[in-house]
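Asker: Okay, handing you the structure first.
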Amino acid sequence: MTAPRGEAAWLNHLKNLQRLLDQPAKAVVEGQLKRVVGITLEAVGCSAAIGAHCLVETVDQDWLETEVVGFSGDRILLMPTGDMRGVMPNARVIPIAHVDGVPVGDALLGRVIDASGRPLDGKGAIVAVEKRPLIAPPINPLARQPIREPLDVGVRAINALLSVGRGQRLGLFAGSGVGKSVLLGMMTRFTEADIIVVALIGERGREVKEFVDHILGPDGMVRAVVVATPADHPPLMRLRAAWLATAIAEYFRDEGKQVLLLMDSLTRFAQAQREISLAVGEPPATKGYPPTVFAKLPQLVERAGNGAAGSGSITAFYTVLAEGDDQNDPIVDSARAILDGHIVLSRRLAEAGHFPAIDVEFSVSRAMNDIVQPAHLALIRQFRQLLALYQQNKDLISIGAYQRGSDPRIDAAIRLKPLMDRFLQQDIHDAVSYDRAIDELMLLMNEE
């Protein structure tokens with residue numbers, strides 16, 4: 001057998017050999033690789049359940065780890081977890097003993113890991129005290145604690161007009177380049193939470209270091225875990241990263257912690273599932289998305305939220321990419337239906353230099369009525385009515401066709417519009433507390 005080249009290759013080779021040795025004493029039935037179609041490998045001669053792992057021998061006598069994603073007749077369909085270069089016809093395929101658990105514990109705090117739980121930060125191995133299932137069973141809906149406590153996210157427009165409850169799950173909806181990641185970074189720095197779990201899925205590789213160094217910083221990393229799987233990773237790993245980040249958040253929630261889960265982005269998770277489903281032959285249903293995609297989204301999202309009595313909570317923010325700024329995109333529409341609210345970012349506002357570019361008219365927090373006081377709700381309704389009134393009459397106002405004094409409400413909307421715009425804008429380095437945001441809203445509405 002030819003020896004692998006390089007220290008890293010040797011370590012990987014020895015690790016895979018050890019996994020083979022750790023298998024049960026029963027005989028292992030080897031198979032053969034018969035076909036590769038796109039990113040799918042087809043093997044015959046061995047049996048393995050969906051979700052099991054197999055090793056595929058490569059031309060340099062190393063092993064490629066794969067996961068069983070389906071079967072057709074006597075053939076099992078495999079999806080690689082790494083680069084397929086070196087895979088050859090009739091290669092040996094060996095099912096391996098695999099426990100579908102992920103390492104969790106305080107040792108993860110301050111670390112950056114990949115979708116397999118391996119460290120990316122060069123700080124040495126991670127010794128976990130416990131393992132949890134990658135995909136845990138859902139919580140009994142009647143056992144969940146209700147959302148009753150407001151959460152301070154440090155963003156004035158959200159705190160005052162789209163109040164978030166602890167344990168709520170919200171989506172940040174926008175097209176590309178409108179400021180989703182920047183707003184997510186603001187909430188990362190300013191939100192009150194014991195633990196922060198960040199999942200960077202399918203995004204640009206350079207964003208990982210920027211997020212760790214500039215957005216979280218040394219102080220933020222002390223209480224954070226970052227799971228990073230950039231766009232150049234296989235779809236199986238991008239999918240796994242979302243499940244892994246959620247499993248880590250669940251562990252800390254069960255320990256009684258208040259967890260903030262930030263996932264950028266839910267759309268890349270859906271696209272990874274689409275790649276896998278289409279590769280194994282599932283027919284597309286809605287704009288190229290197979291039905292499995294729409295089944296996986298609620299399975300992922302429903303794991304966040306409040307836990308049972310005595311446990312903590314997971315407040316989750318998911319970015320959702322509206323391709324072509326289409327708010328009726330299938331993933332946008334599906335995510336809007338399963339989340340507890342959505343914050344829409346407007347390209348029109350972003351192009352006008354209005355940041356954060358939150359479109360209050362099209363955004364909603366479904367838990368707000370249960371967590372804010374009636375007086376606060378009245379102020380929110382008043383603000384929204386004035387803003388909507390101005391937008392409805394904007395064309396008349398712009399061309400000078402509206403005569404002041406014709407309608408006192410429109411006059412008030414025109415007078416307060418600059419103050420409302422200033423209220424909705426905020427520098428990315430300034431935090432505005434929940435109480436301060438409400439006080440400023442009250443002062444603004446008293447101007448009417």
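By convention here, the chains of the structure tokens are called A, B, ... in the order presented, each chain's residues are numbered starting at 1, and ligands are numbered starting at 1 in the order presented.
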As number ranges by chain, list the residues of stretch 5-247 of chain A assigned to helix (DSSP H, G or I) by DSSP on the backbone atoms of this structure.
Answerer: A: 7-21, 106-108, 156-161, 180-190, 206-221, 235-247
Asker: Counting only C-alpha atoms, what is within 10 Å of A:Asn446, bar same-chain residues fewer than 5 positions away, as a list in words?
Answerer: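 These residues fall inside the cut-off: Leu379, Glu440 and Leu441 of chain A.
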Asker: Quick one: everything within 10 Å of A:Thr292, counting only C-alpha atoms, minus sequence neighbours fewer than 6 positions away in the same chain. Send it as a list in words.
Answerer: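 Answer for this query is Ala270, Gln273, Arg274, Ile276, Ser277, Leu278, Glu282, Pro283, Pro284 and Ala285 of chain A.
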Asker: Generate the output file for the selected residues, C-alpha atoms, as a PDB file, in the first residue's frame.
Answerer:
```pdb
ATOM      1  CA  ALA A 270     -32.214  25.111   1.462  1.00  0.00           C
ATOM      2  CA  GLN A 273     -30.658  20.352   0.344  1.00  0.00           C
ATOM      3  CA  ARG A 274     -31.840  21.104  -3.193  1.00  0.00           C
ATOM      4  CA  ILE A 276     -28.563  16.769  -2.732  1.00  0.00           C
ATOM      5  CA  SER A 277     -32.197  16.004  -3.553  1.00  0.00           C
ATOM      6  CA  LEU A 278     -31.789  16.709  -7.271  1.00  0.00           C
ATOM      7  CA  GLU A 282     -35.921  13.717  -6.626  1.00  0.00           C
ATOM      8  CA  PRO A 283     -38.066  15.720  -9.060  1.00  0.00           C
ATOM      9  CA  PRO A 284     -38.263  19.497  -8.635  1.00  0.00           C
ATOM     10  CA  ALA A 285     -41.604  20.888  -7.505  1.00  0.00           C
TER      11      ALA A 285
END
```
Asker: At a cut-off of 8 Å, using only C-alpha atoms, what residues contact stretch 158-171 of chain A? Leave out same-chain residues fewer than 3 positions from it and give the result as a PyMOL selection string.
Answerer: chain A and resi 147-155+301+304-306+313-320+335-336+339-343+360+363-365+367-368+371-372+380+433-434+437-438+441
Asker: Grab the atom CA of A:Lys417 to atom CA of A:Leu387 distance for me, in Å with one decimal place.
Answerer: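 Separation between atom CA of A:Lys417 and atom CA of A:Leu387: 7.3 Å.
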Asker: Figure out the distance between atom CA of A:Val104 and atom CA of A:Ser311, please, to one decimal in Å.
Answerer: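 Distance between the two atoms: 16.6 Å.
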Asker: Given only C-alpha atoms, how would the per-residue table for stretch 152-195 of chain A near stretch 200-220 of chain A read, listing every residue at most 8 Å away with its closest atom pair and distance in Å to one decimal, sorted by chain and number, as CSV?
Answerer:
```
residue,atom,partner,partner_atom,distance
A:Gly185,CA,A:Ile215,CA,5.7
A:Met186,CA,A:Ile215,CA,7.8
A:Thr188,CA,A:Leu216,CA,7.1
A:Arg189,CA,A:Leu216,CA,6.5
```
Asker: Could you save those same residues with all heavy atoms as an mmCIF file, in the first residue's frame?
Answerer:
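Result written to result.cif:
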```cif
data_model
loop_
_atom_site.group_PDB
_atom_site.id
_atom_site.type_symbol
_atom_site.label_atom_id
_atom_site.label_comp_id
_atom_site.auth_asym_id
_atom_site.auth_seq_id
_atom_site.Cartn_x
_atom_site.Cartn_y
_atom_site.Cartn_z
ATOM 1 N N GLY A 185 -24.637 41.366 12.490
ATOM 2 C CA GLY A 185 -23.485 41.666 13.326
ATOM 3 C C GLY A 185 -23.816 42.627 14.451
ATOM 4 O O GLY A 185 -23.313 42.484 15.581
ATOM 5 N N MET A 186 -24.667 43.619 14.183
ATOM 6 C CA MET A 186 -25.094 44.551 15.237
ATOM 7 C C MET A 186 -25.798 43.809 16.356
ATOM 8 O O MET A 186 -25.518 44.025 17.542
ATOM 9 C CB MET A 186 -26.015 45.621 14.638
ATOM 10 C CG MET A 186 -25.331 46.589 13.698
ATOM 11 S SD MET A 186 -26.500 47.749 12.919
ATOM 12 C CE MET A 186 -27.047 48.705 14.330
ATOM 13 N N THR A 188 -25.496 40.696 17.067
ATOM 14 C CA THR A 188 -24.536 39.822 17.736
ATOM 15 C C THR A 188 -23.841 40.558 18.875
ATOM 16 O O THR A 188 -23.662 40.032 19.976
ATOM 17 C CB THR A 188 -23.490 39.321 16.729
ATOM 18 O OG1 THR A 188 -24.144 38.643 15.662
ATOM 19 C CG2 THR A 188 -22.516 38.361 17.397
ATOM 20 N N ARG A 189 -23.438 41.796 18.617
ATOM 21 C CA ARG A 189 -22.703 42.569 19.618
ATOM 22 C C ARG A 189 -23.597 43.082 20.737
ATOM 23 O O ARG A 189 -23.182 43.174 21.888
ATOM 24 C CB ARG A 189 -22.004 43.755 18.956
ATOM 25 C CG ARG A 189 -20.861 43.379 18.043
ATOM 26 C CD ARG A 189 -20.041 44.605 17.670
ATOM 27 N NE ARG A 189 -20.841 45.625 16.995
ATOM 28 C CZ ARG A 189 -21.053 45.662 15.685
ATOM 29 N NH1 ARG A 189 -20.515 44.715 14.922
ATOM 30 N NH2 ARG A 189 -21.771 46.606 15.134
#
```
Asker: Taking 6 positions as the minimum chain separation for residues in the same chain, which residues sit within 6 Å of stretch 74-76 of chain A when counting only C-alpha atoms? Answer as a tab-separated table (two decimals) with N, CA and C atoms, in the first residue's frame.
Answerer:
```tsv
chain	number	residue	atom	x	y	z
A	42	GLU	N	-22.46	5.91	-6.69
A	42	GLU	CA	-23.31	4.73	-6.59
A	42	GLU	C	-22.44	3.51	-6.34
A	43	ALA	N	-22.77	2.76	-5.29
A	43	ALA	CA	-21.98	1.58	-4.92
A	43	ALA	C	-22.88	0.34	-4.88
A	44	VAL	N	-22.28	-0.82	-5.18
A	44	VAL	CA	-23.00	-2.09	-5.12
A	44	VAL	C	-22.19	-3.06	-4.25
```
Asker: Find the distance between atom CA of A:His53 and atom CA of A:Ala97 and write it in Å to one decimal.
Answerer: 7.5 Å
Asker: Considering only C-alpha atoms, return as a PyMOL selection string whatever protein or nucleic-acid residues lie within 6 Å of A:Glu67, sequence-local ones (same chain, fewer than 3 positions apart) excluded.
Answerer: chain A and resi 51-53+78-79
Asker: Neighbouring residues of A:Arg409 were defined as those with any atom within 9 Å, considering only C-alpha atoms; residues of the same chain fewer than 5 positions away were excluded. Please report them as a list in words.
Answerer: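 Using only C-alpha atoms, the neighbours found are Leu386, Leu389 and Ile414 of chain A.
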Asker: Write down as a PyMOL selection string the residues of stretch 273-390 of chain A whose backbone DSSP state falls under strand (DSSP E).
Answerer: chain A and resi 305-306+313-321+341-344+364-365
Asker: Would you mind exporting all heavy atoms of the selected residues as a compact mmCIF listing (two decimals), in the first residue's frame?
Answerer:
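Saved to again09.txt:
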```
# COMPACT_ATOMS: atom_id res chain seq x y z
N GLY A 305 -36.17 28.07 19.86
CA GLY A 305 -37.28 28.55 20.67
C GLY A 305 -37.08 28.23 22.15
O GLY A 305 -36.01 27.77 22.58
N ASN A 306 -38.11 28.47 22.94
CA ASN A 306 -38.05 28.17 24.37
C ASN A 306 -38.09 26.67 24.61
O ASN A 306 -38.74 25.92 23.87
CB ASN A 306 -39.22 28.83 25.09
CG ASN A 306 -39.03 30.34 25.24
OD1 ASN A 306 -37.89 30.82 25.31
ND2 ASN A 306 -40.12 31.07 25.30
N SER A 313 -33.52 29.17 26.73
CA SER A 313 -34.21 29.51 25.49
C SER A 313 -33.20 29.66 24.36
O SER A 313 -32.01 29.88 24.59
CB SER A 313 -35.01 30.81 25.64
OG SER A 313 -34.11 31.91 25.80
N ILE A 314 -33.68 29.52 23.13
CA ILE A 314 -32.90 29.81 21.93
C ILE A 314 -33.66 30.87 21.15
O ILE A 314 -34.72 30.59 20.59
CB ILE A 314 -32.69 28.57 21.05
CG1 ILE A 314 -31.98 27.46 21.81
CG2 ILE A 314 -31.90 28.95 19.80
CD1 ILE A 314 -31.85 26.16 21.02
N THR A 315 -33.13 32.09 21.15
CA THR A 315 -33.68 33.14 20.29
C THR A 315 -32.89 33.08 18.99
O THR A 315 -31.67 33.21 18.99
CB THR A 315 -33.53 34.52 20.94
OG1 THR A 315 -34.13 34.50 22.23
CG2 THR A 315 -34.20 35.57 20.08
N ALA A 316 -33.58 32.86 17.88
CA ALA A 316 -32.89 32.59 16.62
C ALA A 316 -33.20 33.66 15.58
O ALA A 316 -34.35 34.09 15.43
CB ALA A 316 -33.29 31.22 16.09
N PHE A 317 -32.15 34.07 14.88
CA PHE A 317 -32.29 34.97 13.73
C PHE A 317 -31.70 34.26 12.51
O PHE A 317 -30.55 33.84 12.53
CB PHE A 317 -31.55 36.30 13.96
CG PHE A 317 -32.19 37.17 14.99
CD1 PHE A 317 -31.80 37.12 16.31
CD2 PHE A 317 -33.20 38.06 14.63
CE1 PHE A 317 -32.39 37.93 17.26
CE2 PHE A 317 -33.80 38.86 15.58
CZ PHE A 317 -33.40 38.80 16.89
N TYR A 318 -32.53 34.13 11.47
CA TYR A 318 -32.10 33.46 10.24
C TYR A 318 -32.14 34.48 9.10
O TYR A 318 -33.16 35.14 8.88
CB TYR A 318 -33.05 32.31 9.88
CG TYR A 318 -33.20 31.26 10.95
CD1 TYR A 318 -34.20 31.35 11.92
CD2 TYR A 318 -32.36 30.15 10.98
CE1 TYR A 318 -34.34 30.38 12.90
CE2 TYR A 318 -32.50 29.17 11.96
CZ TYR A 318 -33.48 29.29 12.91
OH TYR A 318 -33.63 28.33 13.87
N THR A 319 -31.03 34.63 8.38
CA THR A 319 -31.07 35.48 7.20
C THR A 319 -31.65 34.66 6.05
O THR A 319 -31.36 33.48 5.89
CB THR A 319 -29.68 36.02 6.83
OG1 THR A 319 -28.83 34.93 6.46
CG2 THR A 319 -29.06 36.77 7.99
N VAL A 320 -32.48 35.32 5.24
CA VAL A 320 -33.13 34.67 4.11
C VAL A 320 -32.90 35.55 2.88
O VAL A 320 -33.28 36.72 2.87
CB VAL A 320 -34.64 34.49 4.35
CG1 VAL A 320 -35.29 33.78 3.18
CG2 VAL A 320 -34.89 33.71 5.64
N LEU A 321 -32.26 35.00 1.87
CA LEU A 321 -31.93 35.74 0.66
C LEU A 321 -33.12 35.73 -0.29
O LEU A 321 -33.54 34.66 -0.74
CB LEU A 321 -30.70 35.13 -0.02
CG LEU A 321 -30.29 35.74 -1.35
CD1 LEU A 321 -29.87 37.20 -1.17
CD2 LEU A 321 -29.16 34.93 -1.98
N GLY A 341 -41.89 35.73 12.87
CA GLY A 341 -41.82 37.13 12.46
C GLY A 341 -40.77 37.30 11.38
O GLY A 341 -39.92 36.43 11.18
N HIS A 342 -40.84 38.42 10.66
CA HIS A 342 -39.87 38.67 9.61
C HIS A 342 -39.55 40.16 9.56
O HIS A 342 -40.41 41.01 9.72
CB HIS A 342 -40.38 38.18 8.25
CG HIS A 342 -41.75 38.68 7.89
ND1 HIS A 342 -42.91 38.05 8.31
CD2 HIS A 342 -42.15 39.75 7.16
CE1 HIS A 342 -43.95 38.70 7.85
NE2 HIS A 342 -43.53 39.74 7.15
N ILE A 343 -38.27 40.44 9.37
CA ILE A 343 -37.78 41.81 9.23
C ILE A 343 -37.29 41.96 7.80
O ILE A 343 -36.34 41.29 7.39
CB ILE A 343 -36.64 42.09 10.24
CG1 ILE A 343 -37.17 41.93 11.67
CG2 ILE A 343 -36.06 43.48 10.02
CD1 ILE A 343 -36.09 41.99 12.73
N VAL A 344 -37.95 42.81 7.04
CA VAL A 344 -37.64 42.98 5.62
C VAL A 344 -36.71 44.17 5.46
O VAL A 344 -36.98 45.26 5.97
CB VAL A 344 -38.94 43.20 4.80
CG1 VAL A 344 -38.61 43.43 3.33
CG2 VAL A 344 -39.87 42.01 4.96
N VAL A 364 -42.90 42.41 10.54
CA VAL A 364 -43.82 42.12 11.62
C VAL A 364 -43.16 41.18 12.63
O VAL A 364 -42.36 40.33 12.26
CB VAL A 364 -45.13 41.47 11.09
CG1 VAL A 364 -44.84 40.11 10.46
CG2 VAL A 364 -46.18 41.35 12.16
N SER A 365 -43.47 41.38 13.92
CA SER A 365 -43.07 40.47 14.98
C SER A 365 -44.33 39.86 15.56
O SER A 365 -45.15 40.56 16.19
CB SER A 365 -42.29 41.22 16.07
OG SER A 365 -42.06 40.39 17.18
```
